[in-house]
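File shown: final-v7.cif (mmCIF, C-alpha atoms, pLDDT in the B column; chains and numbers go by the auth columns).
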```cif
data_entry
loop_
_atom_site.group_PDB
_atom_site.id
_atom_site.type_symbol
_atom_site.label_atom_id
_atom_site.label_comp_id
_atom_site.label_asym_id
_atom_site.label_seq_id
_atom_site.Cartn_x
_atom_site.Cartn_y
_atom_site.Cartn_z
_atom_site.B_iso_or_equiv
_atom_site.auth_seq_id
_atom_site.auth_asym_id
ATOM 1 C CA MET A 1 0.000 0.000 0.000 80.00 209 A
ATOM 2 C CA ASP A 2 1.495 3.357 -1.039 92.00 210 A
ATOM 3 C CA ARG A 3 1.606 6.502 1.041 95.00 211 A
ATOM 4 C CA GLN A 4 -1.587 8.082 -0.309 95.00 212 A
ATOM 5 C CA ASP A 5 -3.508 4.840 0.142 96.00 213 A
ATOM 6 C CA LEU A 6 -2.480 4.701 3.802 96.00 214 A
ATOM 7 C CA VAL A 7 -3.509 8.333 4.288 97.00 215 A
ATOM 8 C CA GLY A 8 -6.838 7.663 2.600 97.00 216 A
ATOM 9 C CA ARG A 9 -7.468 4.594 4.711 97.00 217 A
ATOM 10 C CA ALA A 10 -6.625 6.522 7.880 97.00 218 A
ATOM 11 C CA LYS A 11 -9.170 9.199 6.909 97.00 219 A
ATOM 12 C CA LEU A 12 -11.855 6.578 6.339 98.00 220 A
ATOM 13 C CA ALA A 13 -11.037 5.015 9.704 98.00 221 A
ATOM 14 C CA GLU A 14 -11.381 8.441 11.327 97.00 222 A
ATOM 15 C CA HIS A 15 -14.814 8.980 9.769 97.00 223 A
ATOM 16 C CA THR A 16 -15.967 5.596 11.064 97.00 224 A
ATOM 17 C CA GLU A 17 -14.306 6.148 14.466 96.00 225 A
ATOM 18 C CA GLN A 18 -12.028 3.115 14.069 97.00 226 A
ATOM 19 C CA TYR A 19 -9.088 4.647 15.844 97.00 227 A
ATOM 20 C CA ASP A 20 -7.110 1.429 16.210 95.00 228 A
ATOM 21 C CA VAL A 21 -7.165 1.161 12.401 97.00 229 A
ATOM 22 C CA MET A 22 -5.995 4.772 12.184 97.00 230 A
ATOM 23 C CA ILE A 23 -3.104 3.936 14.468 98.00 231 A
ATOM 24 C CA ASP A 24 -2.123 0.958 12.290 97.00 232 A
ATOM 25 C CA CYS A 25 -2.097 3.232 9.236 97.00 233 A
ATOM 26 C CA VAL A 26 0.055 5.834 10.988 96.00 234 A
ATOM 27 C CA LYS A 27 2.499 3.197 12.204 96.00 235 A
ATOM 28 C CA ASN A 28 2.783 1.854 8.656 96.00 236 A
ATOM 29 C CA LEU A 29 3.503 5.369 7.396 95.00 237 A
ATOM 30 C CA VAL A 30 6.314 5.698 9.919 94.00 238 A
ATOM 31 C CA ALA A 31 7.726 2.239 9.179 93.00 239 A
ATOM 32 C CA ASN A 32 7.588 2.376 5.380 92.00 240 A
ATOM 33 C CA PHE A 33 8.257 6.002 4.466 89.00 241 A
ATOM 34 C CA ASN A 34 11.404 7.466 5.964 72.00 242 A
ATOM 35 C CA SER A 35 10.541 11.153 5.689 77.00 243 A
ATOM 36 C CA ASP A 36 8.969 13.978 7.635 86.00 244 A
ATOM 37 C CA PHE A 37 5.205 13.825 8.015 93.00 245 A
ATOM 38 C CA THR A 38 3.109 16.367 6.158 93.00 246 A
ATOM 39 C CA GLN A 39 0.715 18.602 8.098 93.00 247 A
ATOM 40 C CA GLU A 40 -2.129 16.286 7.113 96.00 248 A
ATOM 41 C CA GLU A 41 -0.257 13.218 8.336 96.00 249 A
ATOM 42 C CA ARG A 42 0.637 14.901 11.626 95.00 250 A
ATOM 43 C CA THR A 43 -3.040 15.680 12.133 96.00 251 A
ATOM 44 C CA LEU A 44 -3.952 12.026 11.521 97.00 252 A
ATOM 45 C CA LEU A 45 -1.273 10.945 13.993 97.00 253 A
ATOM 46 C CA SER A 46 -2.623 13.349 16.590 97.00 254 A
ATOM 47 C CA VAL A 47 -6.280 12.381 16.124 97.00 255 A
ATOM 48 C CA ALA A 48 -5.624 8.630 16.124 98.00 256 A
ATOM 49 C CA TYR A 49 -3.755 8.515 19.417 98.00 257 A
ATOM 50 C CA LYS A 50 -5.731 11.288 21.103 97.00 258 A
ATOM 51 C CA GLN A 51 -8.999 9.455 20.511 97.00 259 A
ATOM 52 C CA ALA A 52 -7.663 6.004 21.410 97.00 260 A
ATOM 53 C CA VAL A 53 -5.985 7.271 24.576 98.00 261 A
ATOM 54 C CA GLY A 54 -8.946 9.512 25.371 97.00 262 A
ATOM 55 C CA GLU A 55 -11.269 6.514 25.486 96.00 263 A
ATOM 56 C CA ARG A 56 -8.983 4.831 28.021 96.00 264 A
ATOM 57 C CA ARG A 57 -8.623 8.025 30.078 97.00 265 A
ATOM 58 C CA ASN A 58 -12.384 8.332 30.341 97.00 266 A
ATOM 59 C CA SER A 59 -12.729 4.664 31.259 96.00 267 A
ATOM 60 C CA TRP A 60 -9.996 4.955 33.884 96.00 268 A
ATOM 61 C CA ARG A 61 -11.690 7.959 35.502 95.00 269 A
ATOM 62 C CA VAL A 62 -15.056 6.177 35.641 95.00 270 A
ATOM 63 C CA LEU A 63 -13.500 3.032 37.096 94.00 271 A
ATOM 64 C CA ASN A 64 -11.461 5.028 39.615 93.00 272 A
ATOM 65 C CA SER A 65 -14.561 6.818 40.870 93.00 273 A
ATOM 66 C CA TYR A 66 -16.579 3.609 40.954 92.00 274 A
ATOM 67 C CA ALA A 67 -13.844 1.751 42.851 91.00 275 A
ATOM 68 C CA ASP A 68 -13.748 4.532 45.468 91.00 276 A
ATOM 69 C CA LYS A 69 -17.514 4.303 45.942 91.00 277 A
ATOM 70 C CA GLU A 70 -17.402 0.536 46.255 90.00 278 A
ATOM 71 C CA ARG A 71 -14.522 0.800 48.732 89.00 279 A
ATOM 72 C CA SER A 72 -16.468 3.241 50.903 91.00 280 A
ATOM 73 C CA ARG A 73 -19.300 0.709 51.053 89.00 281 A
ATOM 74 C CA ASN A 74 -16.943 -2.185 51.864 87.00 282 A
ATOM 75 C CA SER A 75 -18.268 -3.888 48.756 87.00 283 A
ATOM 76 C CA ASP A 76 -17.023 -7.216 47.479 86.00 284 A
ATOM 77 C CA ASN A 77 -16.674 -5.596 44.032 87.00 285 A
ATOM 78 C CA VAL A 78 -13.595 -3.552 44.952 89.00 286 A
ATOM 79 C CA SER A 79 -11.066 -6.137 43.767 91.00 287 A
ATOM 80 C CA LEU A 80 -12.965 -6.606 40.505 92.00 288 A
ATOM 81 C CA CYS A 81 -13.001 -2.840 39.912 92.00 289 A
ATOM 82 C CA GLU A 82 -9.314 -2.510 40.688 92.00 290 A
ATOM 83 C CA SER A 83 -8.441 -5.398 38.400 94.00 291 A
ATOM 84 C CA TYR A 84 -10.335 -3.898 35.501 95.00 292 A
ATOM 85 C CA LYS A 85 -8.930 -0.433 36.216 95.00 293 A
ATOM 86 C CA GLN A 86 -5.419 -1.887 36.072 95.00 294 A
ATOM 87 C CA ARG A 87 -6.194 -3.395 32.675 96.00 295 A
ATOM 88 C CA VAL A 88 -7.365 -0.037 31.326 97.00 296 A
ATOM 89 C CA TYR A 89 -4.354 1.691 32.905 97.00 297 A
ATOM 90 C CA ASN A 90 -1.988 -0.714 31.151 97.00 298 A
ATOM 91 C CA GLU A 91 -3.674 -0.066 27.793 97.00 299 A
ATOM 92 C CA LEU A 92 -3.501 3.690 28.350 97.00 300 A
ATOM 93 C CA VAL A 93 0.162 3.755 29.347 97.00 301 A
ATOM 94 C CA ASN A 94 1.167 1.366 26.551 97.00 302 A
ATOM 95 C CA LEU A 95 -0.498 3.580 23.950 98.00 303 A
ATOM 96 C CA CYS A 96 1.245 6.625 25.390 98.00 304 A
ATOM 97 C CA LYS A 97 4.610 4.876 25.282 97.00 305 A
ATOM 98 C CA GLU A 98 3.907 3.699 21.737 98.00 306 A
ATOM 99 C CA VAL A 99 3.323 7.166 20.285 98.00 307 A
ATOM 100 C CA ILE A 100 6.234 8.604 22.265 98.00 308 A
ATOM 101 C CA GLY A 101 8.404 5.864 20.776 97.00 309 A
ATOM 102 C CA LEU A 102 7.318 6.775 17.235 96.00 310 A
ATOM 103 C CA ILE A 103 8.251 10.395 17.898 96.00 311 A
ATOM 104 C CA GLU A 104 11.618 9.644 19.505 95.00 312 A
ATOM 105 C CA THR A 105 12.831 6.984 17.081 94.00 313 A
ATOM 106 C CA SER A 106 11.638 8.496 13.818 94.00 314 A
ATOM 107 C CA LEU A 107 9.300 11.456 13.548 95.00 315 A
ATOM 108 C CA TYR A 108 11.283 14.045 15.513 94.00 316 A
ATOM 109 C CA LYS A 109 14.533 13.046 13.827 90.00 317 A
ATOM 110 C CA GLU A 110 12.980 13.404 10.370 88.00 318 A
ATOM 111 C CA SER A 111 11.340 16.780 11.062 90.00 319 A
ATOM 112 C CA ASP A 112 13.212 19.660 9.464 85.00 320 A
ATOM 113 C CA ASP A 113 11.570 22.826 10.788 92.00 321 A
ATOM 114 C CA VAL A 114 10.979 24.411 14.178 95.00 322 A
ATOM 115 C CA ASP A 115 7.184 24.309 13.968 94.00 323 A
ATOM 116 C CA SER A 116 7.015 20.540 13.459 95.00 324 A
ATOM 117 C CA ARG A 117 9.650 19.914 16.132 96.00 325 A
ATOM 118 C CA VAL A 118 7.646 21.937 18.649 97.00 326 A
ATOM 119 C CA PHE A 119 4.586 19.929 17.616 97.00 327 A
ATOM 120 C CA TYR A 120 6.341 16.632 18.367 97.00 328 A
ATOM 121 C CA LEU A 121 7.906 17.760 21.650 97.00 329 A
ATOM 122 C CA LYS A 122 4.532 19.107 22.792 97.00 330 A
ATOM 123 C CA MET A 123 2.942 15.800 21.808 98.00 331 A
ATOM 124 C CA LYS A 124 5.508 13.911 23.890 98.00 332 A
ATOM 125 C CA GLY A 125 4.721 16.123 26.854 98.00 333 A
ATOM 126 C CA ASP A 126 1.000 15.559 26.356 98.00 334 A
ATOM 127 C CA TYR A 127 1.284 11.769 26.406 98.00 335 A
ATOM 128 C CA TYR A 128 3.610 11.751 29.370 98.00 336 A
ATOM 129 C CA ARG A 129 0.986 13.947 31.069 97.00 337 A
ATOM 130 C CA TYR A 130 -1.819 11.500 30.270 97.00 338 A
ATOM 131 C CA ALA A 131 0.212 8.646 31.734 97.00 339 A
ATOM 132 C CA ALA A 132 1.154 10.713 34.790 97.00 340 A
ATOM 133 C CA GLU A 133 -2.472 11.695 35.441 96.00 341 A
ATOM 134 C CA ALA A 134 -3.325 8.000 35.595 95.00 342 A
ATOM 135 C CA GLY A 135 -0.599 7.381 38.161 93.00 343 A
ATOM 136 C CA ASP A 136 2.576 6.607 36.200 95.00 344 A
ATOM 137 C CA GLN A 137 5.124 8.472 38.333 94.00 345 A
ATOM 138 C CA GLU A 138 8.013 7.936 35.906 95.00 346 A
ATOM 139 C CA SER A 139 6.184 10.069 33.352 97.00 347 A
ATOM 140 C CA VAL A 140 6.073 13.176 35.552 97.00 348 A
ATOM 141 C CA GLU A 141 9.697 14.239 35.108 97.00 349 A
ATOM 142 C CA LYS A 142 9.788 13.096 31.481 97.00 350 A
ATOM 143 C CA GLY A 143 6.716 15.186 30.792 97.00 351 A
ATOM 144 C CA ARG A 144 8.335 18.216 32.406 97.00 352 A
ATOM 145 C CA GLU A 145 11.482 17.711 30.300 97.00 353 A
ATOM 146 C CA SER A 146 9.493 17.382 27.065 97.00 354 A
ATOM 147 C CA TYR A 147 7.383 20.466 27.719 97.00 355 A
ATOM 148 C CA ASN A 148 10.469 22.457 28.759 96.00 356 A
ATOM 149 C CA ALA A 149 12.282 21.499 25.558 97.00 357 A
ATOM 150 C CA ALA A 150 9.240 22.404 23.476 97.00 358 A
ATOM 151 C CA ASN A 151 8.856 25.721 25.294 95.00 359 A
ATOM 152 C CA GLU A 152 12.482 26.686 24.736 96.00 360 A
ATOM 153 C CA LEU A 153 12.297 25.839 21.027 96.00 361 A
ATOM 154 C CA ALA A 154 8.954 27.612 20.648 95.00 362 A
ATOM 155 C CA GLN A 155 10.622 30.940 21.467 93.00 363 A
ATOM 156 C CA GLU A 156 11.758 30.930 17.831 94.00 364 A
ATOM 157 C CA LEU A 157 8.128 30.957 16.644 92.00 365 A
ATOM 158 C CA ASP A 158 5.792 33.904 16.230 90.00 366 A
ATOM 159 C CA ALA A 159 3.852 34.846 19.347 86.00 367 A
ATOM 160 C CA ALA A 160 0.527 33.818 17.788 86.00 368 A
ATOM 161 C CA ASN A 161 1.754 30.549 16.261 91.00 369 A
ATOM 162 C CA PRO A 162 -0.966 27.910 16.908 91.00 370 A
ATOM 163 C CA ASN A 163 1.521 25.283 18.085 93.00 371 A
ATOM 164 C CA LYS A 164 3.093 27.775 20.487 92.00 372 A
ATOM 165 C CA LEU A 165 -0.298 28.748 21.922 92.00 373 A
ATOM 166 C CA GLY A 166 -1.396 25.120 22.200 94.00 374 A
ATOM 167 C CA LEU A 167 1.847 24.270 23.954 95.00 375 A
ATOM 168 C CA ALA A 168 1.341 27.044 26.506 93.00 376 A
ATOM 169 C CA LEU A 169 -2.168 25.836 27.259 93.00 377 A
ATOM 170 C CA ASN A 170 -1.176 22.185 27.653 95.00 378 A
ATOM 171 C CA TYR A 171 1.962 22.969 29.629 95.00 379 A
ATOM 172 C CA SER A 172 -0.127 25.067 32.009 95.00 380 A
ATOM 173 C CA VAL A 173 -2.511 22.105 32.421 95.00 381 A
ATOM 174 C CA PHE A 174 0.514 19.943 33.269 96.00 382 A
ATOM 175 C CA HIS A 175 1.554 22.437 35.955 95.00 383 A
ATOM 176 C CA TYR A 176 -1.980 22.592 37.319 94.00 384 A
ATOM 177 C CA GLU A 177 -3.061 18.939 37.196 94.00 385 A
ATOM 178 C CA VAL A 178 0.192 17.002 37.581 96.00 386 A
ATOM 179 C CA LEU A 179 2.568 19.294 39.471 95.00 387 A
ATOM 180 C CA LYS A 180 -0.250 20.946 41.462 94.00 388 A
ATOM 181 C CA ASP A 181 1.433 24.285 40.808 94.00 389 A
ATOM 182 C CA GLN A 182 -1.497 26.609 40.180 91.00 390 A
ATOM 183 C CA GLU A 183 0.524 29.839 40.296 92.00 391 A
ATOM 184 C CA ASN A 184 2.934 28.839 37.536 89.00 392 A
ATOM 185 C CA ALA A 185 0.112 27.303 35.523 91.00 393 A
ATOM 186 C CA CYS A 186 -1.763 30.603 35.414 91.00 394 A
ATOM 187 C CA GLN A 187 1.377 32.665 34.865 90.00 395 A
ATOM 188 C CA LEU A 188 2.534 30.542 31.918 87.00 396 A
ATOM 189 C CA ALA A 189 -0.812 30.673 30.147 85.00 397 A
ATOM 190 C CA LYS A 190 -1.311 34.396 30.784 88.00 398 A
ATOM 191 C CA SER A 191 2.151 35.492 29.670 87.00 399 A
ATOM 192 C CA THR A 192 1.941 33.528 26.420 83.00 400 A
ATOM 193 C CA PHE A 193 -1.509 34.722 25.464 83.00 401 A
ATOM 194 C CA ASP A 194 -0.731 38.320 26.491 84.00 402 A
ATOM 195 C CA ALA A 195 2.262 38.245 24.127 82.00 403 A
ATOM 196 C CA ALA A 196 0.106 36.900 21.300 78.00 404 A
ATOM 197 C CA LEU A 197 -2.843 39.226 21.777 78.00 405 A
ATOM 198 C CA PRO A 198 -1.447 42.271 19.882 76.00 406 A
ATOM 199 C CA THR A 199 -0.843 40.163 16.753 72.00 407 A
ATOM 200 C CA LEU A 200 -4.126 38.235 16.674 63.00 408 A
ATOM 201 C CA ASP A 201 -6.069 40.976 14.883 60.00 409 A
ATOM 202 C CA SER A 202 -3.643 40.914 11.994 56.00 410 A
ATOM 203 C CA LEU A 203 -4.008 37.168 11.365 53.00 411 A
ATOM 204 C CA ASP A 204 -6.112 35.814 8.522 52.00 412 A
ATOM 205 C CA GLU A 205 -9.385 34.313 9.664 48.00 413 A
#
```

Structure re-expressed in structure tokens:
Amino acid sequence: MDRQDLVGRAKLAEHTEQYDVMIDCVKNLVANFNSDFTQEERTLLSVAYKQAVGERRNSWRVLNSYADKERSRNSDNVSLCESYKQRVYNELVNLCKEVIGLIETSLYKESDDVDSRVFYLKMKGDYYRYAAEAGDQESVEKGRESYNAANELAQELDAANPNKLGLALNYSVFHYEVLKDQENACQLAKSTFDAALPTLDSLDE
């Protein structure tokens, strides 16, 4: 299957919400075509893993809440809930590690401009954050390192660059939700958006 066929199949999988199929297509693109992803391909990569991981994040939250309720009632279902939650946690963390691996071993190395490199570093930070939010402590420092690297590189981009603004938002969420550092979370988001505000009116709609 050539490159355009894989892209087309990934789009069809997105329309039918078959995100595991999307992931297979993206992995085949990485394995078979040793070049930087186009903007369209980066979007497919992002959607595929965000949706697949998002499903597990939602399931983990529901199971975590349910297990707490069952525990407060001294229910016999606690062990069953915890067992199933562990299964979902493993799926979530494995998917996060998988996409991070694709970025580290291939995609980041093949990227040849600052914008795409910020995109990939931000994406690494995001997936370390998802794993950390579910309890993977090893991902906390790795997430911080990825976001820091992305933030430093993003200083070369225009103030209103979409990747730079998205990075600031997600990095602030990391500070708030993972590091429990509300002050720096608010300061990071505010300073970035204040810097971008004067240039937003001049951007094309």

Inset, instruction - Pick out the residues sitting within 12 Å of Cys304 in chain A, and hand them over as a PyMOL selection string; count only C-alpha atoms, and ignore anything fewer than 6 positions along from it in its own chain. - result: chain A and resi 254+256-262+264-265+297-298+310-311+331-342+344+347+351

Inset, instruction - Would you write out, as JSON, numbers by chain, every residue that the PyMOL selection byres ((chain A and resi 359-366) around 8) captures in this file? - result: {"A": [322, 323, 326, 355, 356, 357, 358, 367, 368, 369, 372, 375, 376]}

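Comparing the minimum interatomic distances between Leu315 in chain A and each of A:Val386, A:Leu405, A:Val234, A:Val381, counting all atoms listed in the file, we find that A:Val234 sits nearest.
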
Legend entry - Distance in Å - CA of Gln294 in chain A versus CA of Glu263 in chain A: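 Straight-line distance from CA of Gln294 in chain A to CA of Glu263 in chain A works out to 14.7 Å.
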
Legend entry - Gap from CA of Asp276 in chain A to CA of Tyr384 in chain A - Å, one decimal: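 CA of Asp276 in chain A sits 23.0 Å away from CA of Tyr384 in chain A.
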
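The closest residue to Asn242 in chain A, picked from A:Ser319, A:Asn272, A:Ser324, A:Ser399 and counting only C-alpha atoms, is A:Ser319.
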
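On the file presented, the PyMOL selection byres ((chain A and resi 214) around 10) picks out A:Met209, A:Asp210, A:Arg211, A:Gln212, A:Asp213, A:Val215, A:Gly216, A:Arg217, A:Ala218, A:Lys219, A:Leu220, A:Met230, A:Asp232, A:Cys233, A:Val234, A:Lys235, A:Asn236, A:Leu237, A:Glu249.
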
Print the selection's residues with C-alpha atoms to a file, as an mmCIF file, in the coordinates of the input.
```
data_model
loop_
_atom_site.group_PDB
_atom_site.id
_atom_site.type_symbol
_atom_site.label_atom_id
_atom_site.label_comp_id
_atom_site.auth_asym_id
_atom_site.auth_seq_id
_atom_site.Cartn_x
_atom_site.Cartn_y
_atom_site.Cartn_z
ATOM 1 C CA MET A 209 0.000 0.000 0.000
ATOM 2 C CA ASP A 210 1.495 3.357 -1.039
ATOM 3 C CA ARG A 211 1.606 6.502 1.041
ATOM 4 C CA GLN A 212 -1.587 8.082 -0.309
ATOM 5 C CA ASP A 213 -3.508 4.840 0.142
ATOM 6 C CA VAL A 215 -3.509 8.333 4.288
ATOM 7 C CA GLY A 216 -6.838 7.663 2.600
ATOM 8 C CA ARG A 217 -7.468 4.594 4.711
ATOM 9 C CA ALA A 218 -6.625 6.522 7.880
ATOM 10 C CA LYS A 219 -9.170 9.199 6.909
ATOM 11 C CA LEU A 220 -11.855 6.578 6.339
ATOM 12 C CA MET A 230 -5.995 4.772 12.184
ATOM 13 C CA ASP A 232 -2.123 0.958 12.290
ATOM 14 C CA CYS A 233 -2.097 3.232 9.236
ATOM 15 C CA VAL A 234 0.055 5.834 10.988
ATOM 16 C CA LYS A 235 2.499 3.197 12.204
ATOM 17 C CA ASN A 236 2.783 1.854 8.656
ATOM 18 C CA LEU A 237 3.503 5.369 7.396
ATOM 19 C CA GLU A 249 -0.257 13.218 8.336
#
```

Inset, instruction - Record the distance separating CA of Asp320 in chain A and CA of Asn378 in chain A, expressed in Å with one decimal. - result: 23.3 Å

Inset, instruction - Write out as a ChimeraX atom specification the residues lying within 9 Å of Leu377 in chain A, counting only C-alpha atoms and excluding same-chain residues fewer than 3 positions away. - result: /A:372-374,380-382,393,396-397,400

Can I get the selected residues back with C-alpha atoms, as a JSON list (two decimals), keeping the file's coordinate frame?
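The resulting result_1.json:
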```
[["chain", "number", "residue", "atom", "x", "y", "z"],
["A", 372, "LYS", "CA", 3.09, 27.78, 20.49],
["A", 373, "LEU", "CA", -0.30, 28.75, 21.92],
["A", 374, "GLY", "CA", -1.40, 25.12, 22.20],
["A", 380, "SER", "CA", -0.13, 25.07, 32.01],
["A", 381, "VAL", "CA", -2.51, 22.10, 32.42],
["A", 382, "PHE", "CA", 0.51, 19.94, 33.27],
["A", 393, "ALA", "CA", 0.11, 27.30, 35.52],
["A", 396, "LEU", "CA", 2.53, 30.54, 31.92],
["A", 397, "ALA", "CA", -0.81, 30.67, 30.15],
["A", 400, "THR", "CA", 1.94, 33.53, 26.42]]
```

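Minimum atom-to-atom distance to Lys330 in chain A, evaluated using all atoms listed in the file, belongs to A:Arg352 out of A:Arg352, A:Arg269, A:Arg279, A:His223.
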
Missing atoms in range 254-277 of chain A need filling: write out N, CA and C atoms for it as a PDB file, in the coordinates of the input.
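Result file follows (out_24.pdb):
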```
ATOM      1  N   SER A 254      -2.095  12.744  15.376  1.00 97.00           N
ATOM      2  CA  SER A 254      -2.623  13.349  16.590  1.00 97.00           C
ATOM      3  C   SER A 254      -4.025  12.840  16.911  1.00 97.00           C
ATOM      4  N   VAL A 255      -4.893  12.814  15.910  1.00 97.00           N
ATOM      5  CA  VAL A 255      -6.280  12.381  16.124  1.00 97.00           C
ATOM      6  C   VAL A 255      -6.336  10.917  16.540  1.00 97.00           C
ATOM      7  N   ALA A 256      -5.572  10.074  15.861  1.00 98.00           N
ATOM      8  CA  ALA A 256      -5.624   8.630  16.124  1.00 98.00           C
ATOM      9  C   ALA A 256      -5.295   8.319  17.577  1.00 98.00           C
ATOM     10  N   TYR A 257      -4.171   8.838  18.053  1.00 98.00           N
ATOM     11  CA  TYR A 257      -3.755   8.515  19.417  1.00 98.00           C
ATOM     12  C   TYR A 257      -4.557   9.287  20.458  1.00 98.00           C
ATOM     13  N   LYS A 258      -4.941  10.522  20.136  1.00 97.00           N
ATOM     14  CA  LYS A 258      -5.731  11.288  21.103  1.00 97.00           C
ATOM     15  C   LYS A 258      -7.068  10.611  21.385  1.00 97.00           C
ATOM     16  N   GLN A 259      -7.712  10.108  20.331  1.00 97.00           N
ATOM     17  CA  GLN A 259      -8.999   9.455  20.511  1.00 97.00           C
ATOM     18  C   GLN A 259      -8.848   8.105  21.219  1.00 97.00           C
ATOM     19  N   ALA A 260      -7.864   7.323  20.801  1.00 97.00           N
ATOM     20  CA  ALA A 260      -7.663   6.004  21.410  1.00 97.00           C
ATOM     21  C   ALA A 260      -7.287   6.133  22.882  1.00 97.00           C
ATOM     22  N   VAL A 261      -6.382   7.059  23.183  1.00 98.00           N
ATOM     23  CA  VAL A 261      -5.985   7.271  24.576  1.00 98.00           C
ATOM     24  C   VAL A 261      -7.116   7.929  25.357  1.00 98.00           C
ATOM     25  N   GLY A 262      -7.837   8.838  24.707  1.00 97.00           N
ATOM     26  CA  GLY A 262      -8.946   9.512  25.371  1.00 97.00           C
ATOM     27  C   GLY A 262     -10.008   8.553  25.862  1.00 97.00           C
ATOM     28  N   GLU A 263     -10.294   7.528  25.062  1.00 96.00           N
ATOM     29  CA  GLU A 263     -11.269   6.514  25.486  1.00 96.00           C
ATOM     30  C   GLU A 263     -10.805   5.828  26.762  1.00 96.00           C
ATOM     31  N   ARG A 264      -9.516   5.503  26.821  1.00 96.00           N
ATOM     32  CA  ARG A 264      -8.983   4.831  28.021  1.00 96.00           C
ATOM     33  C   ARG A 264      -8.940   5.786  29.210  1.00 96.00           C
ATOM     34  N   ARG A 265      -8.631   7.057  28.973  1.00 97.00           N
ATOM     35  CA  ARG A 265      -8.623   8.025  30.078  1.00 97.00           C
ATOM     36  C   ARG A 265     -10.008   8.152  30.690  1.00 97.00           C
ATOM     37  N   ASN A 266     -11.006   8.232  29.838  1.00 97.00           N
ATOM     38  CA  ASN A 266     -12.384   8.332  30.341  1.00 97.00           C
ATOM     39  C   ASN A 266     -12.774   7.083  31.114  1.00 97.00           C
ATOM     40  N   SER A 267     -12.407   5.921  30.577  1.00 96.00           N
ATOM     41  CA  SER A 267     -12.729   4.664  31.259  1.00 96.00           C
ATOM     42  C   SER A 267     -12.027   4.579  32.600  1.00 96.00           C
ATOM     43  N   TRP A 268     -10.759   5.004  32.636  1.00 96.00           N
ATOM     44  CA  TRP A 268      -9.996   4.955  33.884  1.00 96.00           C
ATOM     45  C   TRP A 268     -10.625   5.852  34.938  1.00 96.00           C
ATOM     46  N   ARG A 269     -11.061   7.041  34.548  1.00 95.00           N
ATOM     47  CA  ARG A 269     -11.690   7.959  35.502  1.00 95.00           C
ATOM     48  C   ARG A 269     -12.975   7.367  36.075  1.00 95.00           C
ATOM     49  N   VAL A 270     -13.796   6.781  35.195  1.00 95.00           N
ATOM     50  CA  VAL A 270     -15.056   6.177  35.641  1.00 95.00           C
ATOM     51  C   VAL A 270     -14.778   5.040  36.610  1.00 95.00           C
ATOM     52  N   LEU A 271     -13.827   4.181  36.251  1.00 94.00           N
ATOM     53  CA  LEU A 271     -13.500   3.032  37.096  1.00 94.00           C
ATOM     54  C   LEU A 271     -12.885   3.480  38.424  1.00 94.00           C
ATOM     55  N   ASN A 272     -12.077   4.514  38.386  1.00 93.00           N
ATOM     56  CA  ASN A 272     -11.461   5.028  39.615  1.00 93.00           C
ATOM     57  C   ASN A 272     -12.525   5.548  40.573  1.00 93.00           C
ATOM     58  N   SER A 273     -13.471   6.297  40.044  1.00 93.00           N
ATOM     59  CA  SER A 273     -14.561   6.818  40.870  1.00 93.00           C
ATOM     60  C   SER A 273     -15.433   5.689  41.413  1.00 93.00           C
ATOM     61  N   TYR A 274     -15.719   4.722  40.550  1.00 92.00           N
ATOM     62  CA  TYR A 274     -16.579   3.609  40.954  1.00 92.00           C
ATOM     63  C   TYR A 274     -15.901   2.764  42.028  1.00 92.00           C
ATOM     64  N   ALA A 275     -14.586   2.542  41.855  1.00 91.00           N
ATOM     65  CA  ALA A 275     -13.844   1.751  42.851  1.00 91.00           C
ATOM     66  C   ALA A 275     -13.849   2.441  44.210  1.00 91.00           C
ATOM     67  N   ASP A 276     -13.713   3.778  44.206  1.00 91.00           N
ATOM     68  CA  ASP A 276     -13.748   4.532  45.468  1.00 91.00           C
ATOM     69  C   ASP A 276     -15.104   4.390  46.160  1.00 91.00           C
ATOM     70  N   LYS A 277     -16.173   4.448  45.377  1.00 91.00           N
ATOM     71  CA  LYS A 277     -17.514   4.303  45.942  1.00 91.00           C
ATOM     72  C   LYS A 277     -17.718   2.907  46.526  1.00 91.00           C
TER      73      LYS A 277
END
```
